[in-house]
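The structure file entry-v7.txt is reproduced below (compact mmCIF, C-alpha atoms (C1' of nucleotides)).
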# COMPACT_ATOMS: atom_id res chain seq x y z
CA MET A 15 -14.31 113.02 -87.88
CA VAL A 16 -12.67 115.86 -89.66
CA THR A 17 -11.49 116.03 -93.19
CA ILE A 18 -7.82 116.48 -93.79
CA LEU A 19 -7.01 119.96 -94.88
CA SER A 20 -3.81 121.25 -96.23
CA THR A 21 -1.28 122.17 -93.67
CA VAL A 22 -1.07 125.81 -92.85
CA GLU A 23 2.42 126.98 -93.55
CA ALA A 24 2.86 130.24 -91.79
CA GLN A 25 3.04 130.40 -88.07
CA ALA A 26 3.70 133.03 -85.50
CA PRO A 27 6.86 132.59 -83.51
CA SER A 28 6.65 130.46 -80.46
CA ALA A 29 8.84 128.61 -78.12
CA ALA A 30 9.44 124.97 -78.62
CA GLY A 31 9.18 122.26 -76.09
CA PRO A 32 11.82 121.70 -73.48
CA SER A 33 15.14 120.25 -74.25
CA GLY A 34 15.96 116.73 -73.29
CA CYS A 35 14.59 113.45 -74.39
CA GLY A 36 11.75 111.29 -73.43
CA PRO A 37 8.89 112.08 -71.12
CA VAL A 38 9.50 115.43 -69.69
CA PRO A 39 7.14 117.95 -68.21
CA VAL A 40 6.09 120.28 -70.93
CA PRO A 41 5.72 123.85 -69.86
CA VAL A 42 3.42 125.90 -71.94
CA PRO A 43 5.79 127.94 -74.00
CA VAL A 44 5.15 131.60 -74.17
CA VAL A 45 7.46 133.82 -76.07
CA ALA A 46 6.84 137.38 -76.98
CA VAL A 47 6.06 137.84 -80.60
CA PRO A 48 8.47 140.29 -82.10
CA GLY A 49 6.12 142.57 -83.91
CA PRO A 50 6.98 144.89 -86.75
CA GLY A 51 8.67 148.02 -85.69
CA VAL A 52 6.34 150.39 -87.49
CA ALA A 53 2.60 150.69 -87.30
CA ALA A 54 1.93 153.14 -90.08
CA ALA A 55 -1.14 152.90 -92.23
CA LEU A 56 -0.63 151.42 -95.65
CA PRO A 57 -1.37 153.40 -98.80
CA ASN A 58 -4.32 151.20 -99.54
CA GLY A 59 -5.78 151.89 -96.16
CA ALA A 60 -5.19 148.37 -94.96
CA PRO A 61 -4.61 148.05 -91.26
CA PRO A 62 -1.00 148.21 -90.23
CA GLY A 63 0.83 145.28 -88.80
CA PRO A 64 1.88 141.90 -90.04
CA PRO A 65 0.04 140.11 -92.81
CA PRO A 66 -2.73 137.85 -91.59
CA VAL A 67 -0.68 134.74 -91.24
CA ALA A 68 -2.34 131.86 -89.52
CA ASP A 69 -1.13 131.49 -85.97
CA ASP A 70 -1.01 127.81 -85.20
CA SER A 71 1.64 128.15 -82.54
CA LYS A 72 -0.84 126.98 -79.94
CA THR A 73 -2.49 124.26 -81.99
CA ASN A 74 0.33 122.69 -83.95
CA LEU A 75 2.28 119.90 -82.29
CA ILE A 76 5.38 118.02 -83.28
CA VAL A 77 5.46 114.40 -82.29
CA ASN A 78 8.87 112.80 -81.98
CA TYR A 79 10.18 109.29 -81.37
CA LEU A 80 7.30 107.55 -83.09
CA PRO A 81 7.67 103.82 -83.71
CA GLN A 82 8.96 103.08 -87.17
CA SER A 83 5.86 101.14 -88.04
CA MET A 84 3.39 103.86 -87.13
CA SER A 85 1.45 105.19 -90.07
CA GLN A 86 -0.05 108.60 -90.56
CA GLU A 87 -3.47 107.10 -90.08
CA GLU A 88 -2.45 105.67 -86.74
CA LEU A 89 -0.98 109.00 -85.76
CA ARG A 90 -4.28 110.61 -86.62
CA SER A 91 -6.18 107.98 -84.74
CA LEU A 92 -4.03 108.47 -81.67
CA PHE A 93 -4.26 112.24 -81.57
CA GLY A 94 -7.76 112.42 -82.93
CA SER A 95 -8.98 110.94 -79.70
CA LEU A 96 -8.09 114.19 -77.98
CA GLY A 97 -9.89 116.60 -80.30
CA ASP A 98 -10.66 117.64 -83.84
CA ILE A 99 -7.60 117.68 -86.04
CA GLU A 100 -7.02 120.36 -88.63
CA SER A 101 -4.14 118.51 -90.26
CA CYS A 102 -1.90 115.59 -89.54
CA LYS A 103 1.32 114.67 -91.29
CA LEU A 104 3.77 111.90 -90.75
CA VAL A 105 7.13 112.89 -92.16
CA ARG A 106 8.57 110.27 -94.48
CA ASP A 107 11.76 109.72 -96.37
CA LYS A 108 11.36 111.21 -99.81
CA VAL A 109 12.89 108.22 -101.54
CA THR A 110 11.79 105.19 -99.59
CA GLY A 111 8.61 106.56 -98.09
CA GLN A 112 9.65 105.19 -94.73
CA SER A 113 8.63 107.08 -91.66
CA LEU A 114 11.30 109.36 -90.27
CA GLY A 115 9.83 108.83 -86.84
CA TYR A 116 8.18 112.15 -86.37
CA GLY A 117 5.14 114.03 -87.47
CA PHE A 118 2.89 116.99 -86.95
CA VAL A 119 -0.60 117.25 -85.59
CA ASN A 120 -2.42 120.54 -85.90
CA TYR A 121 -5.60 120.77 -83.85
CA VAL A 122 -8.54 123.02 -84.49
CA GLU A 123 -8.62 124.09 -80.86
CA ALA A 124 -5.64 125.19 -78.81
CA GLY A 125 -7.10 123.59 -75.72
CA ASP A 126 -7.04 120.19 -77.39
CA ALA A 127 -3.39 120.61 -78.30
CA ASP A 128 -2.64 121.43 -74.71
CA ARG A 129 -4.54 118.40 -73.49
CA ALA A 130 -2.84 116.19 -76.05
CA ILE A 131 0.54 117.15 -74.69
CA GLY A 132 -0.61 116.30 -71.21
CA ALA A 133 -2.17 113.02 -72.25
CA LEU A 134 0.29 111.72 -74.83
CA ASN A 135 3.71 113.14 -74.11
CA GLY A 136 5.75 110.30 -72.71
CA LEU A 137 3.39 107.64 -74.05
CA LYS A 138 5.16 104.35 -74.60
CA LEU A 139 4.54 102.84 -78.00
CA GLN A 140 6.46 99.67 -78.67
CA THR A 141 10.14 100.44 -78.16
CA LYS A 142 9.64 104.19 -78.18
CA THR A 143 8.60 106.85 -75.76
CA ILE A 144 6.98 109.52 -77.82
CA LYS A 145 7.52 113.18 -77.20
CA VAL A 146 4.76 115.65 -77.85
CA SER A 147 5.49 119.34 -77.85
CA TYR A 148 4.54 122.52 -79.61
CA ALA A 149 6.07 122.83 -83.04
CA ARG A 150 8.30 125.76 -83.67
CA PRO A 151 7.44 127.88 -86.68
CA SER A 152 8.85 126.23 -89.74
CA SER A 153 11.93 128.01 -90.95
CA ALA A 154 15.10 127.29 -92.83
CA SER A 155 17.07 128.71 -89.92
CA ILE A 156 16.17 125.83 -87.62
CA ARG A 157 17.24 123.09 -90.00
CA ASP A 158 20.59 121.34 -89.87
CA ALA A 159 21.15 122.43 -86.30
CA ASN A 160 22.07 119.02 -84.92
CA LEU A 161 25.57 118.37 -83.68
CA TYR A 162 27.49 115.16 -83.09
CA VAL A 163 29.87 115.24 -80.18
CA SER A 164 32.48 112.63 -79.37
CA GLY A 165 35.34 112.33 -76.95
CA LEU A 166 33.21 113.41 -74.05
CA PRO A 167 34.49 112.48 -70.62
CA LYS A 168 32.73 109.32 -69.50
CA ALA A 169 31.67 111.06 -66.35
CA MET A 170 29.92 113.86 -68.20
CA GLY A 171 26.16 113.61 -68.05
CA GLN A 172 23.48 115.11 -70.23
CA LYS A 173 23.05 118.07 -67.96
CA GLU A 174 26.73 118.91 -67.95
CA MET A 175 26.93 118.59 -71.69
CA GLU A 176 24.00 120.95 -72.04
CA GLN A 177 25.68 123.42 -69.76
CA LEU A 178 28.74 123.29 -71.92
CA PHE A 179 26.79 123.96 -75.10
CA SER A 180 24.08 126.26 -73.84
CA GLN A 181 26.37 129.27 -74.03
CA TYR A 182 25.98 129.11 -77.80
CA GLY A 183 22.22 129.05 -78.01
CA ARG A 184 18.99 127.40 -77.06
CA ILE A 185 19.18 123.63 -76.93
CA ILE A 186 16.18 121.73 -78.27
CA THR A 187 17.33 118.23 -77.46
CA SER A 188 20.40 116.56 -76.18
CA ARG A 189 21.41 112.96 -75.69
CA ILE A 190 24.39 110.99 -74.56
CA LEU A 191 24.74 107.48 -75.91
CA VAL A 192 25.34 104.84 -73.31
CA ASP A 193 26.44 101.23 -73.39
CA GLN A 194 23.28 99.17 -73.45
CA VAL A 195 24.64 96.68 -70.97
CA THR A 196 26.56 98.72 -68.47
CA GLY A 197 24.76 102.01 -68.92
CA VAL A 198 28.07 103.82 -68.95
CA SER A 199 28.53 106.75 -71.28
CA ARG A 200 30.07 106.01 -74.65
CA GLY A 201 31.46 109.51 -74.75
CA VAL A 202 29.25 110.31 -77.70
CA GLY A 203 26.35 112.67 -77.73
CA PHE A 204 24.06 114.87 -79.75
CA ILE A 205 23.03 118.46 -79.31
CA ARG A 206 20.26 119.98 -81.32
CA PHE A 207 20.17 123.76 -81.24
CA ASP A 208 17.21 125.93 -82.01
CA LYS A 209 19.07 127.67 -84.80
CA ARG A 210 21.69 126.45 -87.21
CA VAL A 211 23.81 129.56 -86.60
CA GLU A 212 23.95 128.61 -82.95
CA ALA A 213 25.21 125.17 -83.87
CA GLU A 214 27.83 126.69 -86.14
CA GLU A 215 29.04 128.88 -83.30
CA ALA A 216 29.23 125.89 -81.00
CA VAL A 217 31.38 124.00 -83.48
CA ARG A 218 33.72 126.95 -83.76
CA GLY A 219 33.85 127.41 -80.04
CA LEU A 220 34.00 123.85 -78.78
CA HIS A 221 35.52 121.58 -81.40
CA GLY A 222 38.95 120.49 -80.27
CA GLN A 223 38.46 122.05 -76.86
CA LYS A 224 38.94 120.27 -73.59
CA PRO A 225 36.00 120.50 -71.22
CA LEU A 226 36.90 121.69 -67.76
CA GLY A 227 39.06 119.03 -66.17
CA ALA A 228 38.89 116.73 -69.16
CA ALA A 229 41.99 114.94 -70.41
CA GLU A 230 41.06 114.86 -74.07
CA PRO A 231 39.58 117.38 -76.44
CA ILE A 232 36.12 116.78 -77.78
CA THR A 233 35.03 116.53 -81.39
CA VAL A 234 32.09 118.70 -82.36
CA LYS A 235 30.67 118.47 -85.84
CA PHE A 236 27.37 118.45 -87.61
CA ALA A 237 25.54 115.19 -87.25
CA ASN A 238 24.66 112.96 -90.13
CA THR A 239 21.36 113.73 -91.72
CA PRO A 240 18.75 110.98 -91.89
CA GLY A 241 19.59 110.08 -95.45
CA GLN A 242 23.22 109.35 -94.74
CA LYS A 243 24.40 105.95 -93.76
CA SER A 244 26.73 105.47 -90.84
CA GLY A 245 28.06 102.01 -91.31
CA GLY A 246 27.13 98.90 -93.20
CA ALA A 247 25.80 98.45 -96.66
CA LEU A 248 23.04 100.70 -97.78
CA LEU A 249 19.72 99.00 -97.76
CA SER A 250 18.41 98.42 -101.19
CA LEU A 251 15.54 100.61 -102.09
CA CYS A 252 12.15 99.11 -101.60
CA PRO A 253 9.71 101.23 -103.58
CA GLY A 254 6.77 99.04 -102.80
CA ALA A 255 7.49 98.48 -99.14
CA ARG A 256 5.74 101.47 -97.79
CA ARG A 257 3.34 99.53 -95.66
CA TYR A 258 4.60 97.81 -92.57
CA GLY A 259 3.08 94.69 -91.21
CA ALA A 260 4.69 91.60 -92.63
CA LEU A 261 8.18 92.46 -91.51
CA HIS A 262 7.30 93.62 -88.07
CA PRO A 263 9.96 93.33 -85.42
CA PRO A 264 9.23 90.64 -82.88
CA PRO A 265 7.56 91.78 -79.69
CA GLN A 266 9.96 92.79 -77.01
CA ARG A 267 9.99 91.36 -73.58
CA PHE A 268 7.75 93.77 -71.81
CA ARG A 269 8.24 95.19 -68.42
CA LEU A 270 4.69 95.81 -67.53
CA ASP A 271 5.52 97.33 -64.20
CA ASN A 272 7.68 99.93 -65.86
CA LEU A 273 5.43 100.51 -68.79
CA LEU A 274 2.29 100.97 -66.83
CA ASN A 275 3.62 102.64 -63.75
CA VAL A 276 4.94 105.43 -65.85
CA ALA A 277 1.61 105.92 -67.44
CA TYR A 278 -0.53 105.65 -64.36
CA GLY A 279 1.64 105.78 -61.33
CA VAL A 280 0.12 102.58 -60.08
CA LYS A 281 1.94 99.65 -58.57
CA SER A 282 1.16 96.42 -60.27
CA PRO A 283 3.63 93.63 -59.85
CA LEU A 284 3.93 91.22 -62.69
CA SER A 285 3.10 88.48 -60.26
CA LEU A 286 -0.46 89.73 -60.15
CA LEU A 287 -0.93 89.21 -63.83
CA PRO A 288 -2.84 86.21 -65.02
CA ARG A 289 -0.95 83.88 -67.21
CA PHE A 290 -3.39 81.93 -69.23
CA SER A 291 -2.04 80.99 -72.55
CA PRO A 292 -3.12 83.02 -75.51
CA LEU A 293 -4.77 79.97 -76.99
CA ALA A 294 -4.11 78.80 -80.43
CA ILE A 295 -7.58 78.34 -81.72
CA GLU A 296 -7.67 81.49 -83.75
CA ALA A 297 -3.96 81.53 -84.38
CA VAL A 298 -4.21 80.77 -88.03
CA PRO A 299 -2.09 83.36 -89.78
CA ALA A 300 -4.04 83.11 -92.96
CA LEU A 301 -7.13 84.16 -91.08
CA ALA A 302 -5.65 87.30 -89.59
CA GLY A 303 -8.17 90.06 -89.73
CA VAL A 304 -11.20 87.87 -90.20
CA GLY A 305 -13.44 86.00 -87.86
CA LEU A 306 -12.45 87.58 -84.62
CA GLY A 307 -12.17 91.26 -84.71
CA THR A 308 -13.63 93.80 -87.00
CA PRO A 309 -14.10 94.40 -90.61
CA GLY A 310 -10.81 95.68 -91.84
CA PRO A 311 -7.40 94.35 -91.04
CA GLY A 312 -6.22 93.65 -87.56
CA TRP A 313 -7.45 92.07 -84.38
CA CYS A 314 -10.18 93.72 -82.37
CA ILE A 315 -9.85 93.46 -78.63
CA PHE A 316 -12.65 93.93 -76.14
CA VAL A 317 -11.73 95.78 -72.95
CA TYR A 318 -14.19 95.67 -70.07
CA ASN A 319 -14.44 97.43 -66.73
CA LEU A 320 -13.05 100.78 -67.72
CA ALA A 321 -13.83 103.70 -65.44
CA PRO A 322 -16.53 106.21 -66.43
CA GLU A 323 -13.80 108.79 -66.91
CA ALA A 324 -11.72 106.57 -69.17
CA ASP A 325 -10.74 108.04 -72.49
CA GLU A 326 -8.97 106.86 -75.60
CA SER A 327 -5.57 107.83 -74.33
CA VAL A 328 -5.95 105.28 -71.56
CA LEU A 329 -6.36 102.54 -74.14
CA TRP A 330 -3.37 103.78 -76.09
CA GLN A 331 -1.28 103.76 -72.97
CA LEU A 332 -2.36 100.28 -72.05
CA PHE A 333 -1.98 98.62 -75.44
CA GLY A 334 0.54 100.78 -77.25
CA PRO A 335 3.55 99.19 -75.57
CA PHE A 336 2.63 95.77 -76.93
CA GLY A 337 2.80 96.57 -80.60
CA ALA A 338 1.09 98.21 -83.52
CA VAL A 339 -2.25 99.66 -82.48
CA THR A 340 -4.33 101.02 -85.32
CA ASN A 341 -7.39 102.18 -83.47
CA VAL A 342 -8.93 102.56 -80.06
CA LYS A 343 -12.48 103.37 -79.07
CA VAL A 344 -14.11 104.11 -75.76
CA ILE A 345 -17.82 103.45 -75.79
CA ARG A 346 -19.67 106.31 -74.14
CA ASP A 347 -23.20 106.99 -73.02
CA PHE A 348 -24.74 109.41 -75.45
CA ALA A 349 -26.34 111.57 -72.79
CA THR A 350 -23.61 111.75 -70.16
CA ASN A 351 -20.59 111.22 -72.44
CA LYS A 352 -19.19 108.95 -69.77
CA CYS A 353 -17.59 105.66 -70.63
CA LYS A 354 -20.06 102.82 -70.42
CA GLY A 355 -17.37 100.62 -68.99
CA PHE A 356 -15.91 99.14 -72.10
CA GLY A 357 -14.00 99.87 -75.23
CA PHE A 358 -12.20 98.35 -78.19
CA VAL A 359 -8.64 98.26 -79.41
CA THR A 360 -7.48 97.13 -82.84
CA MET A 361 -4.01 95.70 -83.19
CA THR A 362 -2.32 94.72 -86.41
CA ASN A 363 -0.45 91.62 -85.41
CA TYR A 364 -1.88 88.56 -83.77
CA GLU A 365 1.12 87.82 -81.59
CA GLU A 366 1.18 91.30 -80.19
CA ALA A 367 -2.54 91.31 -79.60
CA ALA A 368 -2.36 87.97 -77.85
CA MET A 369 0.48 89.20 -75.67
CA ALA A 370 -1.46 92.32 -74.78
CA ILE A 371 -4.50 90.28 -73.86
CA ALA A 372 -2.52 87.80 -71.82
CA SER A 373 -0.84 90.60 -69.96
CA LEU A 374 -3.71 93.00 -69.48
CA ASN A 375 -6.58 90.66 -68.75
CA GLY A 376 -6.96 90.79 -65.00
CA TYR A 377 -4.75 93.84 -64.76
CA ARG A 378 -5.73 96.14 -61.95
CA LEU A 379 -6.19 99.68 -63.17
CA GLY A 380 -6.86 101.86 -60.16
CA ASP A 381 -9.51 99.98 -58.23
CA ARG A 382 -10.76 98.09 -61.23
CA VAL A 383 -9.74 94.77 -62.68
CA LEU A 384 -9.81 94.78 -66.44
CA GLN A 385 -11.25 92.01 -68.52
CA VAL A 386 -9.52 91.82 -71.87
CA SER A 387 -10.18 89.41 -74.67
CA PHE A 388 -10.53 89.18 -78.39
CA LYS A 389 -13.82 90.67 -79.44
CA THR A 390 -16.29 87.96 -80.23
CA THR A 391 -18.23 88.15 -83.41
CA LYS A 392 -21.89 88.70 -83.03
CA GLN A 393 -23.06 87.24 -86.27
CA HIS A 394 -25.87 88.24 -88.53
CA LYS A 395 -26.88 91.48 -87.04
CA ALA A 396 -28.37 92.32 -90.39
C1' DT B 26 31.86 105.10 -81.21
C1' DC B 27 25.96 108.83 -85.34
C1' DG B 28 19.83 108.16 -82.79
C1' DT B 29 16.82 110.35 -86.01
C1' DA B 30 13.06 117.34 -84.55
C1' DT B 31 10.39 121.32 -88.81
C1' DT B 32 5.75 119.70 -92.79
Could I get this file's structure written as structure tokens?
Amino acid sequence: MVTILSTVEAQAPSAAGPSGCGPVPVPVPVVAVPGPGVAAALPNGAPPGPPPVADDSKTNLIVNYLPQSMSQEELRSLFGSLGDIESCKLVRDKVTGQSLGYGFVNYVEAGDADRAIGALNGLKLQTKTIKVSYARPSSASIRDANLYVSGLPKAMGQKEMEQLFSQYGRIITSRILVDQVTGVSRGVGFIRFDKRVEAEEAVRGLHGQKPLGAAEPITVKFANTPGQKSGGALLSLCPGARRYGALHPPPQRFRLDNLLNVAYGVKSPLSLLPRFSPLAIEAVPALAGVGLGTPGPGWCIFVYNLAPEADESVLWQLFGPFGAVTNVKVIRDFATNKCKGFGFVTMTNYEEAAMAIASLNGYRLGDRVLQVSFKTTKQHKA
DNA sequence: TCGTATT
């Protein structure tokens, strides 16, 4: 484990991840670094060129679309399974302390950052699909670059909207809101530009304009910032409610086939899943975190019949969709570093853990059938 | 008709 160090501020310029939402292929961004124009020696004899700013453009990741309940420690646990972490920060609301749903992970090694993108981008955690990409260098010029667009033709898709806006700058993300039932566009979307000046230009150029063939003009304005409310009464401040847990949203109805096929590309019909009931013996709320499971809060789950190549990200992918996962561990042979066939997962909430066990026990992962259960306590091991 | 991407 690595001690948390202060985040390095300065970064060399780099490209950001691709535009678009959700799990998308992440090309390794390479952008030429605009160097200083002059290379003259300094009076003090110091070497010419830029000051020795730390270049974390290849180690520092931004993680978006994190579940609301995910803590910084869980973020560290998730990404720490891929390599040593230099720093890790979950961004929170200054007033309430609530997660803003994104964070930064800076690895020691660039190769680990690259692997983390490959392993964790698109990971499903509860209701979210996280996005992992290289962080752009922090700068005031990239803030407040998010636009709200309404009045879009219902037939306009994300791609078309991007085409419309891309003439004004580089698009970081875009989204069109759709009716949850019908899936039809609500005519409302968001465009985040790389630079605020690009967004400003887009407002000037597109607000009140009619897209090609459209009947109505579109509205283009800056989107609300996270602090602003959009509708109902403002939630009362809850200074003490920084820790999730008690007020966890109920588990969703999971589509295992979707959730797991995305992660593994395997076919596994729900009909193959065992359906034993998650027994009630240990289901005494007051006893959560004791008895079964580990020291520390949560429910420890034993996972057996993992492949030798299994790593922590596999366990995150398997259990993350079911609810709050605080820790995962693959047990490896010391000499070979291969998985010894089993591992452990800690989940915060009993109901979610029980659902994960009920769903994943007997699940076929590749050519293996997993055995999943609550970890049994081996007492008195001195 | 406003989900949450720059520490």
*For CA of Gly355 in chain A and CA of Thr391 in chain A, determine how far apart the two atoms are, in Å to one decimal place.*
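These atoms are spaced 19.1 Å apart.
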*asked:* Counting all atoms listed in the file, which residue out of A:Thr187, A:Ser152, A:Ser199, A:Thr362 sits closest to DT32 in chain B?
replied: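 Closest candidate: A:Ser152.
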*For chain A, list the residues within 7 Å of chain B, counting all atoms listed in the file, and write the list as a VMD selection string.*
chain A and resid 78 103 105 152 162 200 202 237 to 238 240 244
_d(CA of Ile99 in chain A, CA of Tyr121 in chain A) in Å_ =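 CA of Ile99 in chain A sits 4.3 Å away from CA of Tyr121 in chain A.
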_Given all atoms listed in the file as the basis, pick out the residue of A:Gly115, A:Gly132, A:Gly219, A:Gly203 nearest to Phe93 in chain A._
A:Gly132
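The environment of Val211 in chain A within 12 Å, counting all atoms listed in the file and disregarding residues fewer than 5 places along the same chain, consists of Ala154, Ser155, Ile156, Arg157, Asp158, Ala159, Asn160, Leu161, Tyr182, Gly183, Arg184, Arg206, Ala216, Val217, Arg218 and Phe236 of chain A.
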*Please, what distance in Å, to one decimal, runs between CA of Asn375 in chain A and CA of Lys352 in chain A?*
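Distance between the two atoms: 22.2 Å.
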Kindly list the centre and edge lengths in Å, rounded to one decimal, for the axis-aligned box that covers all listed atoms of chain B plus 3 Å on each of its six sides, as lines of an AutoDock Vina configuration file.
center_x = 18.8
center_y = 113.2
center_z = -87.0
size_x = 32.1
size_y = 22.2
size_z = 17.6
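With distances restricted to only C-alpha atoms, A:Leu226 is the closest residue to Met170 in chain A from A:Leu226, A:Ile144, A:Leu114, A:Val77.
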*Which residue out of A:Glu212, A:Asp128, A:Cys353, A:Pro167 has the minimum interatomic distance to Ile190 in chain A when all atoms listed in the file are used?*
A:Pro167
*Pick the closest to Val383 in chain A from A:Ile76, A:Leu191, A:Ala349, A:Val317: which is it, counting only C-alpha atoms?*
A:Val317
